[in-house]
Each structure stands twice: as C-alpha cells, then as structure tokens.
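Quick look at coords.cif (mmCIF, C-alpha atoms):
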```cif
data_model
#
loop_
_atom_site.label_atom_id
_atom_site.label_comp_id
_atom_site.auth_asym_id
_atom_site.auth_seq_id
_atom_site.Cartn_x
_atom_site.Cartn_y
_atom_site.Cartn_z
CA GLN A 70 -193.87 -121.66 -89.05
CA GLU A 71 -197.15 -120.84 -90.74
CA ALA A 72 -196.51 -117.14 -90.23
CA ALA A 73 -193.08 -117.51 -91.82
CA ALA A 74 -194.64 -119.34 -94.78
CA ALA A 75 -197.21 -116.56 -95.14
CA ALA A 76 -194.40 -114.01 -95.01
CA LEU A 77 -192.57 -115.74 -97.87
CA LEU A 78 -195.70 -115.48 -99.99
CA HIS A 79 -196.78 -112.01 -98.89
CA TRP A 80 -193.42 -110.25 -98.75
CA THR A 81 -192.35 -111.62 -102.13
CA GLU A 82 -195.40 -109.92 -103.59
CA ALA A 83 -195.46 -106.72 -101.58
CA GLY A 84 -192.04 -106.32 -100.01
CA PRO A 85 -191.21 -106.57 -96.29
CA PRO A 86 -193.24 -104.50 -93.81
CA ARG A 87 -191.77 -101.74 -91.68
CA SER A 88 -191.53 -104.10 -88.69
CA PRO A 89 -191.02 -107.70 -89.85
CA ALA A 90 -190.93 -109.10 -86.29
CA ALA A 91 -194.23 -107.44 -85.37
CA TRP A 92 -195.78 -108.64 -88.63
CA LEU A 93 -194.73 -112.23 -87.89
CA LEU A 94 -196.05 -112.14 -84.33
CA GLN A 95 -199.38 -110.71 -85.44
CA ALA A 96 -199.67 -113.20 -88.30
CA ALA A 97 -198.86 -116.09 -85.95
CA ARG A 98 -201.49 -114.91 -83.49
CA ARG A 99 -204.14 -114.73 -86.21
CA ARG A 100 -203.14 -118.13 -87.57
CA GLY A 101 -203.55 -119.54 -84.08
CA ILE A 102 -207.02 -118.05 -83.72
CA ASP A 103 -207.98 -119.34 -87.16
CA ARG A 104 -206.70 -122.81 -86.28
CA ILE A 105 -208.78 -122.94 -83.10
CA ARG A 106 -211.86 -121.77 -84.97
CA ARG A 107 -211.32 -124.07 -87.92
CA ARG A 108 -210.56 -127.02 -85.66
CA GLY A 109 -214.08 -126.67 -84.34
CA THR A 110 -215.40 -126.32 -87.87
CA ALA A 111 -213.48 -129.42 -88.97
CA ASP A 112 -214.87 -131.44 -86.06
CA ARG A 113 -218.41 -130.45 -86.96
CA HIS A 114 -217.93 -131.32 -90.61
CA ALA A 115 -215.60 -134.30 -90.34
CA ARG A 116 -218.27 -136.68 -91.61
CA GLU A 117 -218.97 -134.51 -94.65
CA LEU A 118 -215.28 -134.18 -95.44
CA ALA A 119 -214.87 -137.95 -95.15
CA ARG A 120 -217.72 -138.46 -97.58
CA MET A 121 -216.03 -136.02 -99.96
CA ALA A 122 -212.88 -138.11 -99.88
CA LEU A 123 -214.79 -141.35 -100.42
CA ALA A 124 -216.75 -139.89 -103.29
CA GLN A 125 -213.53 -138.77 -104.94
CA ASP A 126 -212.11 -142.30 -104.64
CA ASP A 127 -215.29 -143.94 -105.98
CA ASP A 128 -215.91 -141.59 -108.88
CA ARG A 129 -213.64 -142.99 -111.58
CA SER A 130 -214.90 -140.49 -114.10
CA ALA A 131 -213.85 -137.52 -111.99
CA ALA A 132 -210.87 -135.49 -113.03
CA LYS A 133 -207.49 -136.46 -111.59
CA ASP A 134 -206.18 -134.43 -108.67
CA GLU A 135 -203.60 -132.90 -110.95
CA ASP A 136 -206.41 -130.99 -112.71
CA ILE A 137 -206.77 -128.84 -109.57
CA PRO A 138 -203.46 -129.14 -107.72
CA ASP A 139 -204.34 -127.14 -104.61
CA GLU A 140 -206.43 -128.91 -101.96
CA ARG A 141 -208.26 -125.74 -100.94
CA LEU A 142 -209.22 -125.00 -104.52
CA ARG A 143 -210.40 -128.57 -105.06
CA LEU A 144 -212.65 -128.36 -102.01
CA ILE A 145 -214.08 -125.01 -103.06
CA PHE A 146 -215.01 -126.45 -106.45
CA THR A 147 -216.54 -129.48 -104.74
CA CYS A 148 -218.78 -127.44 -102.42
CA CYS A 149 -220.10 -125.38 -105.35
CA HIS A 150 -222.32 -128.28 -106.45
CA PRO A 151 -224.91 -127.33 -109.10
CA ALA A 152 -227.71 -129.10 -107.20
CA LEU A 153 -227.57 -126.31 -104.60
CA ASP A 154 -228.83 -122.85 -105.39
CA PRO A 155 -226.06 -120.31 -106.15
CA LYS A 156 -226.35 -118.38 -102.88
CA THR A 157 -226.23 -121.57 -100.82
CA ARG A 158 -223.16 -122.86 -102.67
CA VAL A 159 -221.19 -119.77 -101.76
CA ALA A 160 -222.46 -119.63 -98.17
CA LEU A 161 -221.76 -123.33 -97.54
CA THR A 162 -218.24 -123.05 -98.95
CA LEU A 163 -217.43 -120.05 -96.79
CA ARG A 164 -218.79 -121.80 -93.69
CA THR A 165 -217.34 -125.27 -94.23
CA LEU A 166 -213.99 -124.45 -95.78
CA GLY A 167 -213.34 -120.76 -95.21
CA GLY A 168 -213.97 -120.90 -91.46
CA LEU A 169 -216.22 -117.81 -91.54
CA THR A 170 -218.94 -117.59 -88.91
CA THR A 171 -222.61 -117.64 -89.81
CA ALA A 172 -222.84 -113.99 -88.72
CA GLU A 173 -219.99 -112.98 -91.04
CA ILE A 174 -221.58 -114.79 -93.98
CA ALA A 175 -225.00 -113.27 -93.25
CA THR A 176 -223.49 -109.79 -93.26
CA ALA A 177 -221.75 -110.44 -96.56
CA PHE A 178 -225.14 -111.38 -98.10
CA LEU A 179 -227.13 -108.65 -96.27
CA ASP A 180 -229.15 -111.40 -94.56
CA LYS A 181 -230.29 -111.87 -90.99
CA GLU A 182 -228.15 -114.36 -89.09
CA PRO A 183 -231.07 -116.74 -88.25
CA ALA A 184 -232.10 -116.84 -91.93
CA MET A 185 -228.56 -117.68 -93.01
CA ALA A 186 -228.30 -120.35 -90.32
CA GLN A 187 -231.48 -121.97 -91.63
CA ARG A 188 -230.14 -121.84 -95.18
CA LEU A 189 -226.99 -123.68 -94.13
CA VAL A 190 -228.96 -126.30 -92.19
CA ARG A 191 -231.22 -126.94 -95.19
CA ALA A 192 -228.22 -127.27 -97.48
CA LYS A 193 -226.60 -129.89 -95.26
CA LYS A 194 -229.87 -131.83 -95.04
CA LYS A 195 -230.21 -131.78 -98.81
CA ILE A 196 -226.67 -133.07 -99.23
CA ALA A 197 -227.34 -135.90 -96.79
CA THR A 198 -230.79 -136.95 -98.03
CA ALA A 199 -230.09 -136.61 -101.75
CA GLY A 200 -226.72 -138.29 -101.46
CA LEU A 201 -225.06 -135.62 -103.56
CA PRO A 202 -221.59 -136.88 -104.53
CA TYR A 203 -218.65 -134.78 -103.43
CA ALA A 204 -216.32 -135.17 -106.38
CA VAL A 205 -213.66 -133.06 -108.01
CA PRO A 206 -215.22 -131.80 -111.26
CA GLY A 207 -213.53 -132.24 -114.59
CA PRO A 208 -212.67 -129.17 -116.67
CA ASP A 209 -215.93 -129.56 -118.61
CA ALA A 210 -217.86 -128.81 -115.40
CA TRP A 211 -215.88 -125.70 -114.55
CA PRO A 212 -217.99 -123.14 -116.44
CA GLU A 213 -221.03 -123.97 -114.31
CA ARG A 214 -219.16 -123.71 -111.02
CA LEU A 215 -216.51 -121.12 -111.81
CA PRO A 216 -218.65 -118.00 -111.11
CA HIS A 217 -219.43 -119.27 -107.62
CA VAL A 218 -215.80 -120.20 -106.98
CA LEU A 219 -214.78 -116.67 -107.96
CA THR A 220 -217.40 -115.23 -105.60
CA VAL A 221 -216.03 -117.33 -102.73
CA ILE A 222 -212.48 -116.12 -103.38
CA TYR A 223 -213.70 -112.52 -103.57
CA LEU A 224 -215.54 -112.79 -100.24
CA ILE A 225 -212.52 -114.42 -98.58
CA PHE A 226 -210.43 -111.44 -99.71
CA ASN A 227 -213.07 -108.99 -98.46
CA GLU A 228 -213.10 -110.69 -95.07
CA GLY A 229 -209.34 -110.34 -94.91
CA TYR A 230 -209.33 -106.73 -96.05
CA GLY A 231 -211.74 -105.52 -93.43
CA GLY A 232 -214.45 -108.05 -92.87
CA ALA A 233 -218.00 -107.67 -91.82
CA ALA A 234 -216.98 -106.14 -88.51
CA GLY A 235 -214.48 -103.71 -89.99
CA GLN A 236 -211.59 -105.13 -88.01
CA MET A 237 -207.87 -104.90 -88.72
CA LEU A 238 -206.44 -106.21 -91.97
CA ARG A 239 -205.88 -109.97 -92.06
CA ALA A 240 -203.04 -110.17 -94.55
CA ASP A 241 -203.07 -113.98 -94.51
CA LEU A 242 -206.62 -114.16 -95.87
CA CYS A 243 -205.91 -111.50 -98.50
CA ALA A 244 -202.75 -113.31 -99.61
CA GLU A 245 -204.59 -116.65 -99.73
CA ALA A 246 -207.36 -115.22 -101.92
CA ILE A 247 -204.83 -113.71 -104.32
CA TRP A 248 -202.90 -117.00 -104.36
CA LEU A 249 -206.04 -119.00 -105.20
CA CYS A 250 -206.97 -116.54 -107.92
CA ARG A 251 -203.50 -116.72 -109.47
CA MET A 252 -203.75 -120.52 -109.45
CA LEU A 253 -207.13 -120.34 -111.18
CA ALA A 254 -205.64 -118.03 -113.80
CA ASP A 255 -202.90 -120.60 -114.44
CA LEU A 256 -205.38 -123.48 -114.57
CA ALA A 257 -207.86 -121.69 -116.81
CA PRO A 258 -205.81 -119.42 -119.10
CA GLY A 259 -207.89 -117.04 -121.14
CA GLU A 260 -210.78 -116.84 -118.66
CA ALA A 261 -211.55 -113.13 -118.68
CA GLU A 262 -213.48 -113.10 -115.39
CA VAL A 263 -210.65 -114.89 -113.55
CA GLU A 264 -208.27 -112.22 -114.86
CA GLY A 265 -210.78 -109.55 -113.89
CA LEU A 266 -210.98 -110.81 -110.31
CA LEU A 267 -207.19 -111.06 -110.04
CA ALA A 268 -206.85 -107.47 -111.27
CA LEU A 269 -209.54 -106.35 -108.81
CA LEU A 270 -207.84 -107.98 -105.81
CA LEU A 271 -204.44 -106.57 -106.73
CA LEU A 272 -205.82 -103.05 -107.20
CA ILE A 273 -207.46 -103.10 -103.78
CA ASP A 274 -204.47 -104.75 -102.10
CA ALA A 275 -202.14 -102.11 -103.56
CA ARG A 276 -203.75 -99.50 -101.26
CA ARG A 277 -203.57 -101.37 -97.94
CA ASP A 278 -200.50 -99.53 -96.53
CA ALA A 279 -202.41 -96.24 -96.80
CA ARG A 280 -205.57 -97.57 -95.21
CA ARG A 281 -204.52 -96.60 -91.69
CA ASP A 282 -202.70 -93.61 -90.30
CA THR A 283 -199.71 -93.70 -87.95
CA HIS A 284 -202.08 -94.20 -84.99
CA GLY A 285 -203.78 -97.18 -86.62
CA ALA A 286 -207.02 -95.31 -87.40
CA PHE A 287 -208.95 -96.08 -90.59
CA VAL A 288 -208.35 -93.63 -93.48
CA PRO A 289 -211.00 -93.40 -96.25
CA LEU A 290 -209.99 -93.57 -99.89
CA ASP A 291 -210.26 -89.83 -100.55
CA ALA A 292 -207.96 -89.01 -97.60
CA GLN A 293 -205.27 -91.64 -98.14
CA ASP A 294 -201.61 -90.78 -98.72
CA ARG A 295 -201.34 -92.05 -102.27
CA SER A 296 -197.57 -92.07 -102.17
CA LEU A 297 -197.99 -95.21 -100.02
CA TRP A 298 -199.88 -97.01 -102.77
CA ASP A 299 -197.98 -99.81 -104.50
CA ARG A 300 -197.75 -98.34 -107.99
CA ALA A 301 -195.95 -101.38 -109.39
CA LYS A 302 -198.82 -103.60 -108.26
CA ILE A 303 -201.35 -101.18 -109.73
CA ASP A 304 -199.52 -101.26 -113.06
CA ARG A 305 -199.53 -105.07 -113.06
CA ALA A 306 -203.23 -105.14 -112.25
CA VAL A 307 -204.09 -102.67 -115.00
CA ALA A 308 -202.13 -104.77 -117.51
CA ILE A 309 -204.04 -107.89 -116.43
CA LEU A 310 -207.34 -106.02 -116.69
CA GLU A 311 -206.54 -104.71 -120.17
CA GLN A 312 -205.74 -108.28 -121.22
CA ALA A 313 -209.09 -109.46 -119.84
CA LEU A 314 -211.08 -106.68 -121.49
CA ALA A 315 -209.39 -107.37 -124.82
CA ARG A 316 -211.04 -110.80 -124.82
CA ARG A 317 -214.42 -109.07 -125.22
CA ARG A 318 -216.21 -111.30 -122.75
CA PRO A 319 -217.21 -108.69 -120.15
CA GLY A 320 -218.31 -109.64 -116.66
CA ALA A 321 -218.97 -108.16 -113.24
CA PHE A 322 -215.46 -108.67 -111.86
CA GLN A 323 -213.89 -106.99 -114.88
CA ILE A 324 -216.18 -103.97 -114.45
CA LYS A 325 -215.44 -103.78 -110.72
CA ALA A 326 -211.73 -103.94 -111.50
CA ALA A 327 -212.15 -101.14 -114.04
CA ILE A 328 -213.83 -98.99 -111.36
CA GLN A 329 -210.94 -99.62 -108.96
CA GLY A 330 -208.54 -98.91 -111.82
CA VAL A 331 -209.99 -95.41 -112.25
CA HIS A 332 -209.20 -94.73 -108.60
CA GLY A 333 -205.82 -96.44 -108.85
CA VAL A 334 -204.47 -94.30 -111.69
CA ALA A 335 -205.56 -91.00 -110.07
CA GLU A 336 -202.53 -89.52 -108.32
CA HIS A 337 -204.75 -87.14 -106.32
CA PRO A 338 -208.42 -87.50 -105.24
CA GLU A 339 -209.42 -84.47 -107.31
CA ASN A 340 -208.06 -86.21 -110.42
CA THR A 341 -210.57 -89.05 -110.12
CA ASP A 342 -212.71 -89.33 -113.25
CA TRP A 343 -216.07 -89.64 -111.52
CA ASP A 344 -217.98 -89.50 -114.80
CA GLU A 345 -216.12 -92.66 -115.83
CA VAL A 346 -216.85 -94.30 -112.47
CA ARG A 347 -220.55 -93.47 -112.80
CA ALA A 348 -220.63 -94.85 -116.35
CA LEU A 349 -218.94 -98.06 -115.22
CA TYR A 350 -221.52 -98.54 -112.48
CA ASP A 351 -224.22 -98.17 -115.14
CA VAL A 352 -222.56 -101.05 -116.99
CA LEU A 353 -222.17 -103.08 -113.79
CA LEU A 354 -225.93 -102.86 -113.23
CA ARG A 355 -226.41 -105.01 -116.34
CA PHE A 356 -224.57 -107.82 -114.55
CA GLU A 357 -225.47 -107.15 -110.91
CA ASP A 358 -228.56 -105.02 -110.41
CA THR A 359 -228.49 -105.05 -106.62
CA PRO A 360 -229.23 -102.37 -104.01
CA VAL A 361 -225.55 -102.28 -102.99
CA VAL A 362 -224.39 -101.63 -106.56
CA ARG A 363 -227.03 -98.90 -106.86
CA LEU A 364 -225.78 -97.42 -103.57
CA ASN A 365 -222.22 -97.26 -104.89
CA ARG A 366 -223.52 -95.75 -108.12
CA ALA A 367 -225.38 -93.07 -106.13
CA VAL A 368 -222.13 -92.11 -104.39
CA ALA A 369 -220.42 -91.85 -107.78
CA VAL A 370 -223.32 -89.73 -109.06
CA SER A 371 -222.92 -87.40 -106.07
CA PHE A 372 -219.32 -86.66 -107.10
CA ALA A 373 -219.91 -86.65 -110.86
CA LEU A 374 -223.14 -84.62 -110.98
CA GLY A 375 -223.38 -83.05 -107.54
CA ALA A 376 -224.62 -83.94 -104.06
CA ARG A 377 -228.26 -83.19 -104.93
CA ALA A 378 -228.21 -85.68 -107.82
CA GLY A 379 -226.59 -88.19 -105.50
CA ALA A 380 -229.33 -87.69 -102.89
CA ASP A 381 -231.99 -88.27 -105.55
CA ALA A 382 -230.28 -91.51 -106.62
CA LEU A 383 -229.98 -92.61 -102.99
CA ALA A 384 -233.58 -91.97 -101.92
CA PRO A 385 -235.26 -95.01 -103.58
CA LEU A 386 -232.84 -97.40 -101.87
CA ARG A 387 -233.82 -96.70 -98.26
CA SER A 388 -236.38 -99.48 -97.87
CA ALA A 389 -234.05 -102.12 -99.31
CA LEU A 390 -231.06 -100.95 -97.25
CA GLN A 391 -232.73 -99.85 -94.03
CA ASP A 392 -230.46 -102.12 -91.97
CA TYR A 393 -227.27 -101.51 -93.96
CA ALA A 394 -224.81 -99.16 -92.24
CA PRO A 395 -222.96 -98.06 -95.45
CA TYR A 396 -226.25 -96.69 -96.82
CA PHE A 397 -226.63 -94.34 -93.88
CA ALA A 398 -222.94 -93.45 -93.95
CA ALA A 399 -223.30 -92.42 -97.60
CA ARG A 400 -226.50 -90.52 -96.82
CA ALA A 401 -224.77 -88.71 -93.97
CA ASP A 402 -221.88 -87.63 -96.18
CA ILE A 403 -224.21 -86.37 -98.92
CA CYS A 404 -226.35 -84.48 -96.37
CA ARG A 405 -223.18 -82.93 -94.96
CA ARG A 406 -222.12 -81.74 -98.41
CA LEU A 407 -225.61 -80.28 -98.98
CA GLY A 408 -225.38 -78.33 -95.72
CA ASP A 409 -228.09 -80.42 -94.05
CA GLN A 410 -226.42 -80.80 -90.67
CA LYS A 411 -229.42 -82.36 -88.93
CA GLY A 412 -229.90 -84.89 -91.71
CA ALA A 413 -226.22 -85.77 -91.54
CA ARG A 414 -226.30 -86.21 -87.74
CA ASP A 415 -229.40 -88.42 -87.92
CA ALA A 416 -227.87 -90.58 -90.65
CA TYR A 417 -224.59 -90.97 -88.76
CA ASP A 418 -226.52 -91.93 -85.62
CA ARG A 419 -228.41 -94.60 -87.54
CA ALA A 420 -225.20 -95.92 -89.11
CA LEU A 421 -223.54 -96.14 -85.70
CA LEU A 422 -226.45 -98.21 -84.38
CA LEU A 423 -226.12 -100.67 -87.26
CA VAL A 424 -222.37 -101.08 -87.56
CA GLY A 425 -220.39 -103.51 -85.42
CA GLU A 426 -217.44 -102.64 -83.23
CA GLY A 427 -214.21 -101.92 -85.09
CA ASP A 428 -212.51 -99.48 -87.44
CA GLU A 429 -215.65 -98.53 -89.31
CA LYS A 430 -217.52 -97.57 -86.16
CA ALA A 431 -214.60 -95.50 -84.89
CA PHE A 432 -214.38 -93.70 -88.23
CA LEU A 433 -218.12 -92.95 -88.31
CA ALA A 434 -218.00 -91.72 -84.70
CA ARG A 435 -215.21 -89.29 -85.62
CA ARG A 436 -217.22 -87.98 -88.56
CA ARG A 437 -220.31 -87.66 -86.37
CA GLY A 438 -218.30 -85.81 -83.74
CA GLU A 439 -217.14 -83.25 -86.31
CA LEU A 440 -220.78 -82.17 -86.73
CA GLY A 441 -221.18 -81.40 -83.03
#
```

Exercise: express the given structure as structure tokens:
Amino acid sequence: QEAAAAALLHWTEAGPPRSPAAWLLQAARRRGIDRIRRRGTADRHARELARMALAQDDDRSAAKDEDIPDERLRLIFTCCHPALDPKTRVALTLRTLGGLTTAEIATAFLDKEPAMAQRLVRAKKKIATAGLPYAVPGPDAWPERLPHVLTVIYLIFNEGYGGAAGQMLRADLCAEAIWLCRMLADLAPGEAEVEGLLALLLLIDARRDARRDTHGAFVPLDAQDRSLWDRAKIDRAVAILEQALARRRPGAFQIKAAIQGVHGVAEHPENTDWDEVRALYDVLLRFEDTPVVRLNRAVAVSFALGARAGADALAPLRSALQDYAPYFAARADICRRLGDQKGARDAYDRALLLVGEGDEKAFLARRRGELG
C-alpha cells in the first residue's frame, strides 16, 4: 500500500517507469526495510517524541497545527531548535526523524562516526537537562530555523539519490524530499532559498533515468544519454530558479541550482559552459567556503582553464580532504588528463580504499582498470 501511494506521487511527477510491477516491488521492499529500521529508531526515541507531543499541548502560544500541515515537516522544524548548534540540529533531525544511521550522517558531514555519535549523545543530554520545549514554532520563528530545515531536506534527497554508500536510487526518499520542499514553498511563498532548493532537487532528479546504463552500472554526468533527461522537469526547475533569482535575495541553494541549471540546459557535454560554472562556484564560496565546494570549483577550473589549472586549485585541499574519496577521484581524473598515469593510478587506489561498497566503488574500479 505504501509503495502504491509512493507511485501515485512519483509517477504523477515523472511518469510511469518502464516496469511498473518491478518498481512497486522494489519500492515495497525498501519501505519494509525503512520501517524495520525506523521502528527501532522510534523505540529508542519514544520518550523524546512523547515529550514533543506534551510540549505542543502545553504551549498555548505555539502556532496551530494548521500552520505546518504535514507531520514530518512539523517534526523537522521542532528538532531544529535554536538552543542547539546548527550542525547538531541537522544531525539530530536526520537521526531521530529521517531514520539515517550515525555512519550515514557522519559521512554527509565529513566527520568520523565516533565523533558524530558523541555529538548526538551530547545533544540528547542537553535536551533532557535543559528541558528544551519541543513545540511547533510560529511563522515568526521560521527565519531562524528555515536554513536548517532546508539543509535536512537536501540531505534526505541526497541520501535517496545515492547516499553515503553510493547505493541504488531510493526514489521514495527523493520524492519525499521534493514533496516536503513543495509544501514549504506553499507555506512560505516568496522565500527565494526555498524556491532555490526546489529548483535544485528537480534539476538533479530530472537526470535520474540516465544515471545507470542498461546493465545497472553507474554512468557519470559527462557520459549520460541526455535524451533520457526529463526536459519538461528541467524547464519547470529553471522557471522556478529564475523566479527565485528575480527576488534578489541570493543564497547557497539558488547558486547550487544555477550550477545544475548550466548542466541541465546543455544538450551535449561539450556544450557545457564551464566558465559559467566556475564563476558560479566563486559566488558560492561567499556563502559556503568549505573544502568540498573548493573541490567542486577545482573540477570546474580543470574544464574551464585546463587540467593543469585544475591540479593547482586541487593541491591545497589535500590535507583537509585526505579521507574524502571524491577528492582522490577528482585528482585521478585530472592526473589522467595530464598524462600522469602513475599519479592517476595512485589516486584511484586511494579513492578505492576510502569509498564504501556500491555503485561509486564499482565505477572507480572500472576507471582504475582502464589504466592497467
């Protein structure tokens, strides 16, 4: 039944898959796994959830439920309490409500699993000892919590699209993230960053049918059959993004959507405007100056200005990303393009040691095998 409900939502947006029966069986299987995992999560956090409900009943000044009509969205807002630091708010929400494992959350934040586990334990202790009220915030409290809510939705989508382990697409998680983002857009009309995130998710989701070949193997962006891309969805996303940008309140999600939009409008890989992508990453750094953003910028530089320029941009990031497989995958590709076969082999070997089992590892192994 849950798979059928997911199909109604997903197929209305994207059209029916090639094999509806197989899609339903796979979706049902994943829903079953999620239910088992979340049942355990719910048992562990039953007391906290009960306190949330009591706090909502006792807080007469809290907004009415109608302000946030979806239970999942209400709980996400509730977990993003301003008394917790921003990183902890997102991590706790993903763990308590999203059903993600501590390992998955740690990977999303580039943290070690023990460190993330300690962060979650400290957060729960703080909630208990400080008696932080779990209450649905009124609209006046949204601006403080909204950025963290958007981050949670984005990470839920990322987990569905490939996840920390690079596994198969989980269409139910992707559809849920898009659904929550659409609801936010309806509840907070005119919020440019909400529109930016919605455009970003749609642009990425429009490419999912081309993400694997007929044998189920992962296909990178530059090798995808772009005739399989959902052009109607791309057009809708671009329209939403243009509406957001016209509000002149730029933010990180709008810039990320603009980067994906450059890829989305290119009918062939060679038509990609890499100078524009590089310039957009320069803008993104004003909002998120992180090693991962700089890594993605270095890749864009390698295509816009040449592999040597990309290698120079990549070099300062090694210490910060020494345990991050995508860094070594990018380094391997740039070394390969420079003709440095040994450097490419060494980088692929390091990436393969760091990446978990799944599509990404199989893809990197194929690339490594091509070098002999």

Original post:
Which of these residues is nearest to His332 (chain A), using only C-alpha atoms: A:Cys404, A:Val361, A:Leu269, A:Ala286?
Top reply: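 Of all the options, A:Leu269 lies closest to His332 (chain A).
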
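Within 10 Å of the point (-206.8, -105.3, -107.6), counting all atoms listed in the file, the protein and nucleic acid residues come to A:Ile247, A:Gly265, A:Leu266, A:Leu267, A:Ala268, A:Leu269, A:Leu270, A:Leu271, A:Leu272, A:Ile273, A:Asp274, A:Ala275, A:Arg276, A:Lys302, A:Ile303, A:Asp304, A:Arg305, A:Ala306, A:Val307, A:Ile309, A:Leu310, A:Lys325, A:Ala326, A:Ala327, A:Gln329, A:Gly330, A:Gly333.
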
Original post:
Using only C-alpha atoms, which residues sit within 12 Å of Leu215 (chain A) once same-chain residues fewer than 2 positions away are excluded, as a VMD selection string?
Top reply: chain A and resid 142 to 143 145 to 151 155 158 to 159 206 to 213 217 to 222 250 253 to 254 256 to 257 260 to 263 266

Only C-alpha atoms, please: the residues just picked out, written as a PDB file, in the frame of the given file.
```pdb
ATOM      1  CA  LEU A 142    -209.220-125.000-104.520  1.00  0.00           C
ATOM      2  CA  ARG A 143    -210.400-128.570-105.060  1.00  0.00           C
ATOM      3  CA  ILE A 145    -214.080-125.010-103.060  1.00  0.00           C
ATOM      4  CA  PHE A 146    -215.010-126.450-106.450  1.00  0.00           C
ATOM      5  CA  THR A 147    -216.540-129.480-104.740  1.00  0.00           C
ATOM      6  CA  CYS A 148    -218.780-127.440-102.420  1.00  0.00           C
ATOM      7  CA  CYS A 149    -220.100-125.380-105.350  1.00  0.00           C
ATOM      8  CA  HIS A 150    -222.320-128.280-106.450  1.00  0.00           C
ATOM      9  CA  PRO A 151    -224.910-127.330-109.100  1.00  0.00           C
ATOM     10  CA  PRO A 155    -226.060-120.310-106.150  1.00  0.00           C
ATOM     11  CA  ARG A 158    -223.160-122.860-102.670  1.00  0.00           C
ATOM     12  CA  VAL A 159    -221.190-119.770-101.760  1.00  0.00           C
ATOM     13  CA  PRO A 206    -215.220-131.800-111.260  1.00  0.00           C
ATOM     14  CA  GLY A 207    -213.530-132.240-114.590  1.00  0.00           C
ATOM     15  CA  PRO A 208    -212.670-129.170-116.670  1.00  0.00           C
ATOM     16  CA  ASP A 209    -215.930-129.560-118.610  1.00  0.00           C
ATOM     17  CA  ALA A 210    -217.860-128.810-115.400  1.00  0.00           C
ATOM     18  CA  TRP A 211    -215.880-125.700-114.550  1.00  0.00           C
ATOM     19  CA  PRO A 212    -217.990-123.140-116.440  1.00  0.00           C
ATOM     20  CA  GLU A 213    -221.030-123.970-114.310  1.00  0.00           C
ATOM     21  CA  HIS A 217    -219.430-119.270-107.620  1.00  0.00           C
ATOM     22  CA  VAL A 218    -215.800-120.200-106.980  1.00  0.00           C
ATOM     23  CA  LEU A 219    -214.780-116.670-107.960  1.00  0.00           C
ATOM     24  CA  THR A 220    -217.400-115.230-105.600  1.00  0.00           C
ATOM     25  CA  VAL A 221    -216.030-117.330-102.730  1.00  0.00           C
ATOM     26  CA  ILE A 222    -212.480-116.120-103.380  1.00  0.00           C
ATOM     27  CA  CYS A 250    -206.970-116.540-107.920  1.00  0.00           C
ATOM     28  CA  LEU A 253    -207.130-120.340-111.180  1.00  0.00           C
ATOM     29  CA  ALA A 254    -205.640-118.030-113.800  1.00  0.00           C
ATOM     30  CA  LEU A 256    -205.380-123.480-114.570  1.00  0.00           C
ATOM     31  CA  ALA A 257    -207.860-121.690-116.810  1.00  0.00           C
ATOM     32  CA  GLU A 260    -210.780-116.840-118.660  1.00  0.00           C
ATOM     33  CA  ALA A 261    -211.550-113.130-118.680  1.00  0.00           C
ATOM     34  CA  GLU A 262    -213.480-113.100-115.390  1.00  0.00           C
ATOM     35  CA  VAL A 263    -210.650-114.890-113.550  1.00  0.00           C
ATOM     36  CA  LEU A 266    -210.980-110.810-110.310  1.00  0.00           C
TER      37      LEU A 266
END
```

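Selection check: the PyMOL selection byres ((chain A and resi 435) around 12) on the shown file gives Ala286, Phe287, Val288, Arg414, Tyr417, Asp418, Leu421, Asp428, Glu429, Lys430, Ala431, Phe432, Leu433, Ala434, Arg436, Arg437, Gly438, Glu439, Leu440 and Gly441 of chain A.
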
Subject >> Expansion of the PyMOL selection byres ((chain A and resi 96-99) around 9) into residues, as a ChimeraX atom specification >> reply: /A:70-73,75-76,91-95,100-104,239-241

Subject >> Straight-line distance linking CA of Ile324 (chain A) with CA of Arg164 (chain A), stated in Å to one decimal >> reply: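 Between these atoms lies a distance of 27.5 Å.
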
Subject >> Nearest to Tyr230 (chain A) by atom-to-atom distance, counting all atoms listed in the file, from A:Thr198, A:Arg214, A:Arg280, A:Arg300 >> reply: A:Arg280

Sel. within 9 Å of pt (-200.4, -95.4, -100.3), counting only C-alpha atoms, output as a CSV table (one decimal) with C-alpha atoms, keeping the file's coordinate frame:
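Dumped to selection.csv:
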```csv
chain,number,residue,atom,x,y,z
A,275,ALA,CA,-202.1,-102.1,-103.6
A,276,ARG,CA,-203.8,-99.5,-101.3
A,277,ARG,CA,-203.6,-101.4,-97.9
A,278,ASP,CA,-200.5,-99.5,-96.5
A,279,ALA,CA,-202.4,-96.2,-96.8
A,280,ARG,CA,-205.6,-97.6,-95.2
A,293,GLN,CA,-205.3,-91.6,-98.1
A,294,ASP,CA,-201.6,-90.8,-98.7
A,295,ARG,CA,-201.3,-92.0,-102.3
A,296,SER,CA,-197.6,-92.1,-102.2
A,297,LEU,CA,-198.0,-95.2,-100.0
A,298,TRP,CA,-199.9,-97.0,-102.8
A,299,ASP,CA,-198.0,-99.8,-104.5
A,300,ARG,CA,-197.8,-98.3,-108.0
```

Subject >> Surrounding residues of Arg419 (chain A) excluding itself and chain neighbours under 5 positions, 9 Å, only C-alpha atoms, as a list in words >> reply: Asp392, Ala394, Phe397, Ala398, Arg414 and Val424 of chain A

How would the residues just picked look written out with C-alpha atoms as a compact mmCIF listing (two decimals), in the coordinates of the input?
```txt
# COMPACT_ATOMS: atom_id res chain seq x y z
CA ASP A 392 -230.46 -102.12 -91.97
CA ALA A 394 -224.81 -99.16 -92.24
CA PHE A 397 -226.63 -94.34 -93.88
CA ALA A 398 -222.94 -93.45 -93.95
CA ARG A 414 -226.30 -86.21 -87.74
CA VAL A 424 -222.37 -101.08 -87.56
```

Original post:
From the list A:Leu153, A:Arg355, A:Ser371, A:Pro395, which residue is nearest Pro319 (chain A) when using only C-alpha atoms?
Top reply: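 When distances to Pro319 (chain A) are compared using only C-alpha atoms, the smallest one comes from A:Arg355.
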
**OP:** Find the distance between CA of Pro360 (chain A) and CA of Leu189 (chain A) and write it in Å to one decimal.
**Re:**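 Interatomic distance, CA of Pro360 (chain A) to CA of Leu189 (chain A): 23.6 Å.
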
Subject >> Computed interatomic separation between CA of Gln323 (chain A) and CA of Leu353 (chain A) (Å) >> reply: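 Result for CA of Gln323 (chain A) versus CA of Leu353 (chain A): 9.2 Å, one decimal.
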
Original post:
In terms of the shortest atom-to-atom distance over only C-alpha atoms, which of A:Ala244, A:Met185, A:Ala376, A:Ala192 is closest to Leu77 (chain A)?
Top reply: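 Among A:Ala244, A:Met185, A:Ala376, A:Ala192, it is A:Ala244 that comes nearest to Leu77 (chain A).
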